[in-house]
Amino acid sequence: MKIAEVNSFDDLMEKIKEQDRSVLLLFKKGSEQSECSLKNLQELKDQEIGISVFTADVSHVRDIHEKYHITSVPVMLEFEKGRFINVLKGCHKPDFYKSFFENAVYSARAGREGEIPQKRVTVYSTPTCSWCNTLKTHLKKNGIRYTDIDVSRDQNAAQEMQRKSGQMGVPQTDINGEVIVGFDKTRINNLLGIQQA
């Protein structure tokens with residue numbers, strides 16, 4: 001995986017316009033969370049992930065975060081053919097970034113092959129939550145790719161989850177921006193096109 005720096009909004013747009021999927025990490029050098037995010041991302045540099053990865057230090061590049069109304073860093077912005085589609089806040093572990101990238105590549109391939117692209121699915125969970133495990137098993141059994149965020153280890157993600165739903169309970173599932181609190185199997189199946197057995 002190659003990580004390239006961008007120097008401006010125009011530079012970013014030029015580099016990502018032809019890419020199926022690309023991500024940009026906005027960070028601030030010297031900030032603990034930003035350094036964490038950058039370090040964890042760089043741990044993946046020897047892996048082949050099939051997505052273009054860019055970085056920009058907001059101390060020097062001042063026109064990108066304003067365009068997307070970003071008020072805190074680190075954040076990762078996800079793009080599809082140059083169009084902004086998703087934001088991921090805070091520092092995450094290398095395995096989380098790898099899963100996030102794999103999900104983005106899978107979605108891009110599905111769209112290219114003429115299939116209906118799978119919706120973006122994020123599960124907010126904790127390791128001790130039995131309903132969380134039931135939900136994840138259900139998604140796996142039905143071939144649904146998802147990003148799993150352990151909110152017991154990631155305070156930023158826990159705050160983001162609460163901001164989206166107004167609730168702290170888990171599991172919570174974000175399906176293309178629609179948040180479902182708890183394991184509401186019928187609603188999840190309807191949103192993801194899973195046939196009821």
# chains A, B, ... in the order shown; residues from 1 in each chain; ligands from 1

$ residues_around --residues "region 175-189 of chain A" --least-positions-apart "3" --cutoff "12 Å" --atoms "only C-alpha atoms" --output "compact mmCIF listing (two decimals) with C-alpha atoms, in the first residue's frame"
# COMPACT_ATOMS: atom_id res chain seq x y z
CA ILE A 85 -19.13 9.27 0.63
CA ASN A 86 -18.06 8.59 4.21
CA VAL A 87 -16.11 9.88 7.21
CA PRO A 117 -23.39 -2.68 -4.49
CA GLN A 118 -23.76 -3.67 -0.87
CA LYS A 119 -24.70 -0.89 1.47
CA ARG A 120 -22.07 0.38 3.91
CA VAL A 121 -22.63 -1.43 7.21
CA THR A 122 -20.98 -0.46 10.50
CA VAL A 123 -21.66 -2.38 13.70
CA TYR A 124 -20.98 -0.68 17.03
CA SER A 125 -20.44 -3.38 19.64
CA CYS A 129 -22.48 -8.09 24.44
CA SER A 130 -24.28 -11.31 23.45
CA TRP A 131 -26.73 -9.51 21.11
CA CYS A 132 -23.73 -7.92 19.34
CA ASN A 133 -22.32 -11.39 18.64
CA THR A 134 -25.75 -12.61 17.47
CA LEU A 135 -26.01 -9.66 15.08
CA LYS A 136 -22.49 -10.19 13.66
CA THR A 137 -23.14 -13.92 13.21
CA HIS A 138 -26.37 -13.08 11.34
CA LEU A 139 -24.53 -10.69 9.00
CA ASN A 142 -25.86 -13.87 5.04
CA ILE A 144 -22.89 -9.14 4.52
CA ARG A 145 -19.55 -7.37 4.88
CA TYR A 146 -19.39 -4.92 7.75
CA THR A 147 -16.99 -2.82 9.78
CA GLU A 160 -19.99 9.29 17.39
CA MET A 161 -22.41 6.38 17.90
CA GLN A 162 -24.28 8.31 20.61
CA ARG A 163 -24.39 11.42 18.43
CA LYS A 164 -25.97 9.42 15.57
CA SER A 165 -28.61 7.58 17.60
CA GLY A 166 -28.94 9.50 20.85
CA GLN A 167 -28.33 6.23 22.71
CA MET A 168 -25.36 4.43 24.27
CA GLY A 169 -26.69 0.84 24.16
CA VAL A 170 -25.16 -1.75 21.84
CA PRO A 171 -25.42 -3.26 19.35
CA GLN A 172 -26.08 -0.40 16.96
CA LEU A 192 -29.97 -5.19 3.49
CA GLY A 193 -32.26 -7.25 1.25
CA ILE A 194 -31.80 -10.42 3.29
CA GLN A 195 -34.54 -12.92 2.54
CA GLN A 196 -36.50 -13.99 5.63
CA ALA A 197 -36.28 -17.71 6.24

$ select_by_dssp --residues "region 8-161 of chain A" --states "alpha helix (DSSP H)" --output "JSON, numbers by chain"
{"A": [9, 10, 11, 12, 13, 14, 15, 16, 32, 33, 34, 35, 36, 37, 38, 39, 40, 41, 42, 64, 65, 66, 67, 94, 95, 96, 97, 98, 99, 100, 101, 102, 103, 104, 105, 106, 107, 108, 109, 110, 111, 112, 130, 131, 132, 133, 134, 135, 136, 137, 138, 139, 140, 141, 155, 156, 157, 158, 159, 160, 161]}

$ atom_distance --atom1 "CA of Glu43 (chain A)" --atom2 "CA of Val6 (chain A)"
19.6 Å

$ closest_atom_pairs --of "region 80-166 of chain A" --to "region 17-35 of chain A" --cutoff "6 Å" --atoms "only C-alpha atoms" --output "CSV"
residue,atom,partner,partner_atom,distance
A:Glu80,CA,A:Arg21,CA,4.6
A:Lys81,CA,A:Asp20,CA,5.0
A:Gly82,CA,A:Lys17,CA,4.3
A:Cys91,CA,A:Gln33,CA,5.8

$ closest_residue --among "A:Thr71, A:Leu88, A:His60, A:Ile49" --to "Asn156 (chain A)" --atoms "only C-alpha atoms"
A:Leu88

$ residues_around --residues "Glu48 (chain A)" --least-positions-apart "3" --cutoff "9 Å" --atoms "only C-alpha atoms" --output "PyMOL selection string"
chain A and resi 1-2+44-45+51

$ select_by_dssp --residues "chain A" --states "strand (DSSP E)" --output "NGL selection string"
:A and (3-5 or 21-27 or 52-57 or 75-80 or 83-89 or 121-125 or 147-150 or 172-175 or 178-181)

$ write_last_selection --atoms "N, CA and C atoms" --output "CSV table (one decimal), in the first residue's frame"
chain,number,residue,atom,x,y,z
A,3,ILE,N,1.2,5.2,0.5
A,3,ILE,CA,0.6,6.4,1.1
A,3,ILE,C,1.2,7.6,0.5
A,4,ALA,N,0.4,8.5,-0.1
A,4,ALA,CA,0.9,9.7,-0.8
A,4,ALA,C,0.3,10.9,-0.1
A,5,GLU,N,1.1,12.0,0.0
A,5,GLU,CA,0.6,13.2,0.6
A,5,GLU,C,-0.1,14.1,-0.5
A,21,ARG,N,-12.1,3.7,-5.4
A,21,ARG,CA,-12.2,4.1,-4.0
A,21,ARG,C,-10.9,4.7,-3.6
A,22,SER,N,-11.0,5.7,-2.8
A,22,SER,CA,-9.7,6.3,-2.2
A,22,SER,C,-10.1,6.8,-0.8
A,23,VAL,N,-9.1,7.0,0.0
A,23,VAL,CA,-9.3,7.6,1.3
A,23,VAL,C,-8.2,8.6,1.6
A,24,LEU,N,-8.6,9.6,2.4
A,24,LEU,CA,-7.7,10.7,2.8
A,24,LEU,C,-7.7,10.8,4.3
A,25,LEU,N,-6.5,10.7,4.9
A,25,LEU,CA,-6.4,10.9,6.4
A,25,LEU,C,-6.0,12.3,6.6
A,26,LEU,N,-6.9,13.1,7.2
A,26,LEU,CA,-6.5,14.4,7.7
A,26,LEU,C,-6.0,14.3,9.1
A,27,PHE,N,-4.8,14.9,9.3
A,27,PHE,CA,-4.2,14.8,10.6
A,27,PHE,C,-3.5,16.1,11.0
A,52,SER,N,-6.5,3.5,-2.9
A,52,SER,CA,-5.5,4.6,-2.9
A,52,SER,C,-5.6,5.4,-1.5
A,53,VAL,N,-4.5,5.6,-0.9
A,53,VAL,CA,-4.5,6.2,0.4
A,53,VAL,C,-3.6,7.5,0.4
A,54,PHE,N,-4.2,8.6,0.9
A,54,PHE,CA,-3.6,9.8,0.9
A,54,PHE,C,-3.6,10.4,2.3
A,55,THR,N,-2.7,11.4,2.5
A,55,THR,CA,-2.7,12.0,3.8
A,55,THR,C,-2.5,13.5,3.6
A,56,ALA,N,-3.0,14.3,4.5
A,56,ALA,CA,-2.8,15.8,4.5
A,56,ALA,C,-2.7,16.3,5.9
A,57,ASP,N,-1.7,17.1,6.2
A,57,ASP,CA,-1.5,17.7,7.5
A,57,ASP,C,-2.2,19.0,7.5
A,75,VAL,N,-9.3,12.5,11.0
A,75,VAL,CA,-10.5,11.9,10.3
A,75,VAL,C,-10.0,11.3,9.0
A,76,MET,N,-10.7,10.2,8.6
A,76,MET,CA,-10.4,9.6,7.3
A,76,MET,C,-11.7,9.9,6.5
A,77,LEU,N,-11.5,10.4,5.3
A,77,LEU,CA,-12.5,10.7,4.4
A,77,LEU,C,-12.5,9.6,3.3
A,78,GLU,N,-13.6,9.1,2.9
A,78,GLU,CA,-13.7,8.0,1.9
A,78,GLU,C,-14.3,8.6,0.7
A,79,PHE,N,-13.8,8.3,-0.5
A,79,PHE,CA,-14.3,8.8,-1.8
A,79,PHE,C,-14.5,7.7,-2.7
A,80,GLU,N,-15.5,7.9,-3.6
A,80,GLU,CA,-15.8,7.0,-4.7
A,80,GLU,C,-15.7,7.8,-6.0
A,83,ARG,N,-16.0,11.4,-5.4
A,83,ARG,CA,-17.1,11.9,-4.7
A,83,ARG,C,-17.0,11.5,-3.2
A,84,PHE,N,-17.2,12.4,-2.3
A,84,PHE,CA,-17.1,12.1,-0.9
A,84,PHE,C,-18.3,11.3,-0.5
A,85,ILE,N,-18.0,10.1,0.2
A,85,ILE,CA,-19.1,9.3,0.6
A,85,ILE,C,-19.2,8.9,2.1
A,86,ASN,N,-18.1,9.1,2.8
A,86,ASN,CA,-18.1,8.6,4.2
A,86,ASN,C,-17.0,9.3,5.0
A,87,VAL,N,-17.1,9.3,6.3
A,87,VAL,CA,-16.1,9.9,7.2
A,87,VAL,C,-15.9,8.9,8.4
A,88,LEU,N,-14.7,8.8,8.8
A,88,LEU,CA,-14.3,7.9,9.9
A,88,LEU,C,-13.5,8.8,10.9
A,89,LYS,N,-13.9,9.0,12.1
A,89,LYS,CA,-13.2,9.8,13.0
A,89,LYS,C,-12.4,9.1,14.0
A,121,VAL,N,-22.1,-0.9,5.9
A,121,VAL,CA,-22.6,-1.4,7.2
A,121,VAL,C,-21.5,-1.3,8.3
A,122,THR,N,-21.9,-0.6,9.3
A,122,THR,CA,-21.0,-0.5,10.5
A,122,THR,C,-21.7,-1.0,11.7
A,123,VAL,N,-21.1,-1.9,12.5
A,123,VAL,CA,-21.7,-2.4,13.7
A,123,VAL,C,-20.9,-1.8,14.9
A,124,TYR,N,-21.6,-1.2,15.8
A,124,TYR,CA,-21.0,-0.7,17.0
A,124,TYR,C,-21.3,-1.7,18.1
A,125,SER,N,-20.2,-2.3,18.7
A,125,SER,CA,-20.4,-3.4,19.6
A,125,SER,C,-19.4,-3.3,20.8
A,147,THR,N,-18.1,-3.3,9.0
A,147,THR,CA,-17.0,-2.8,9.8
A,147,THR,C,-17.5,-2.9,11.2
A,148,ASP,N,-16.7,-3.6,12.1
A,148,ASP,CA,-17.0,-3.7,13.5
A,148,ASP,C,-16.2,-2.7,14.3
A,149,ILE,N,-16.9,-1.9,15.1
A,149,ILE,CA,-16.2,-1.0,16.0
A,149,ILE,C,-16.5,-1.3,17.4
A,150,ASP,N,-15.4,-1.6,18.2
A,150,ASP,CA,-15.5,-1.9,19.6
A,150,ASP,C,-15.6,-0.6,20.4
A,172,GLN,N,-25.5,-1.4,17.9
A,172,GLN,CA,-26.1,-0.4,17.0
A,172,GLN,C,-25.5,-0.7,15.6
A,173,THR,N,-26.4,-0.6,14.6
A,173,THR,CA,-25.9,-0.9,13.2
A,173,THR,C,-26.3,0.3,12.4
A,174,ASP,N,-25.2,0.8,11.7
A,174,ASP,CA,-25.4,2.0,10.8
A,174,ASP,C,-25.4,1.4,9.4
A,175,ILE,N,-26.5,1.5,8.7
A,175,ILE,CA,-26.6,1.0,7.3
A,175,ILE,C,-26.9,2.2,6.4
A,178,GLU,N,-28.5,5.0,8.2
A,178,GLU,CA,-29.7,4.7,9.0
A,178,GLU,C,-29.3,3.8,10.1
A,179,VAL,N,-29.5,4.3,11.4
A,179,VAL,CA,-29.0,3.6,12.6
A,179,VAL,C,-30.2,2.8,13.2
A,180,ILE,N,-29.8,1.6,13.5
A,180,ILE,CA,-30.7,0.6,14.1
A,180,ILE,C,-30.1,0.3,15.5
A,181,VAL,N,-30.9,0.6,16.6
A,181,VAL,CA,-30.4,0.3,17.9
A,181,VAL,C,-31.0,-1.1,18.3

$ closest_residue --among "A:Ser8, A:Ser37, A:Asn103, A:Asn190" --to "Gly50 (chain A)" --atoms "only C-alpha atoms"
A:Asn103

$ decode --residues "region 159-189 of chain A" --atoms "C-alpha atoms" --output "PDB file, in the first residue's frame"
ATOM      1  CA  GLN A 159     -19.348   9.430  21.143  1.00  0.00           C
ATOM      2  CA  GLU A 160     -19.987   9.291  17.395  1.00  0.00           C
ATOM      3  CA  MET A 161     -22.408   6.383  17.904  1.00  0.00           C
ATOM      4  CA  GLN A 162     -24.278   8.310  20.605  1.00  0.00           C
ATOM      5  CA  ARG A 163     -24.394  11.420  18.434  1.00  0.00           C
ATOM      6  CA  LYS A 164     -25.971   9.421  15.570  1.00  0.00           C
ATOM      7  CA  SER A 165     -28.609   7.579  17.596  1.00  0.00           C
ATOM      8  CA  GLY A 166     -28.943   9.504  20.849  1.00  0.00           C
ATOM      9  CA  GLN A 167     -28.332   6.229  22.712  1.00  0.00           C
ATOM     10  CA  MET A 168     -25.360   4.427  24.273  1.00  0.00           C
ATOM     11  CA  GLY A 169     -26.686   0.838  24.161  1.00  0.00           C
ATOM     12  CA  VAL A 170     -25.164  -1.754  21.838  1.00  0.00           C
ATOM     13  CA  PRO A 171     -25.416  -3.256  19.346  1.00  0.00           C
ATOM     14  CA  GLN A 172     -26.082  -0.404  16.962  1.00  0.00           C
ATOM     15  CA  THR A 173     -25.946  -0.882  13.218  1.00  0.00           C
ATOM     16  CA  ASP A 174     -25.387   1.968  10.771  1.00  0.00           C
ATOM     17  CA  ILE A 175     -26.629   0.951   7.313  1.00  0.00           C
ATOM     18  CA  ASN A 176     -25.851   3.734   4.827  1.00  0.00           C
ATOM     19  CA  GLY A 177     -26.534   6.330   7.522  1.00  0.00           C
ATOM     20  CA  GLU A 178     -29.677   4.721   8.962  1.00  0.00           C
ATOM     21  CA  VAL A 179     -29.033   3.645  12.556  1.00  0.00           C
ATOM     22  CA  ILE A 180     -30.736   0.640  14.140  1.00  0.00           C
ATOM     23  CA  VAL A 181     -30.423   0.271  17.914  1.00  0.00           C
ATOM     24  CA  GLY A 182     -30.460  -3.330  19.139  1.00  0.00           C
ATOM     25  CA  PHE A 183     -30.806  -6.468  17.036  1.00  0.00           C
ATOM     26  CA  ASP A 184     -33.935  -5.644  15.042  1.00  0.00           C
ATOM     27  CA  LYS A 185     -33.624  -8.587  12.653  1.00  0.00           C
ATOM     28  CA  THR A 186     -36.636  -7.714  10.499  1.00  0.00           C
ATOM     29  CA  ARG A 187     -35.533  -4.123   9.932  1.00  0.00           C
ATOM     30  CA  ILE A 188     -31.913  -5.136   9.272  1.00  0.00           C
ATOM     31  CA  ASN A 189     -33.048  -7.804   6.799  1.00  0.00           C
TER      32      ASN A 189
END
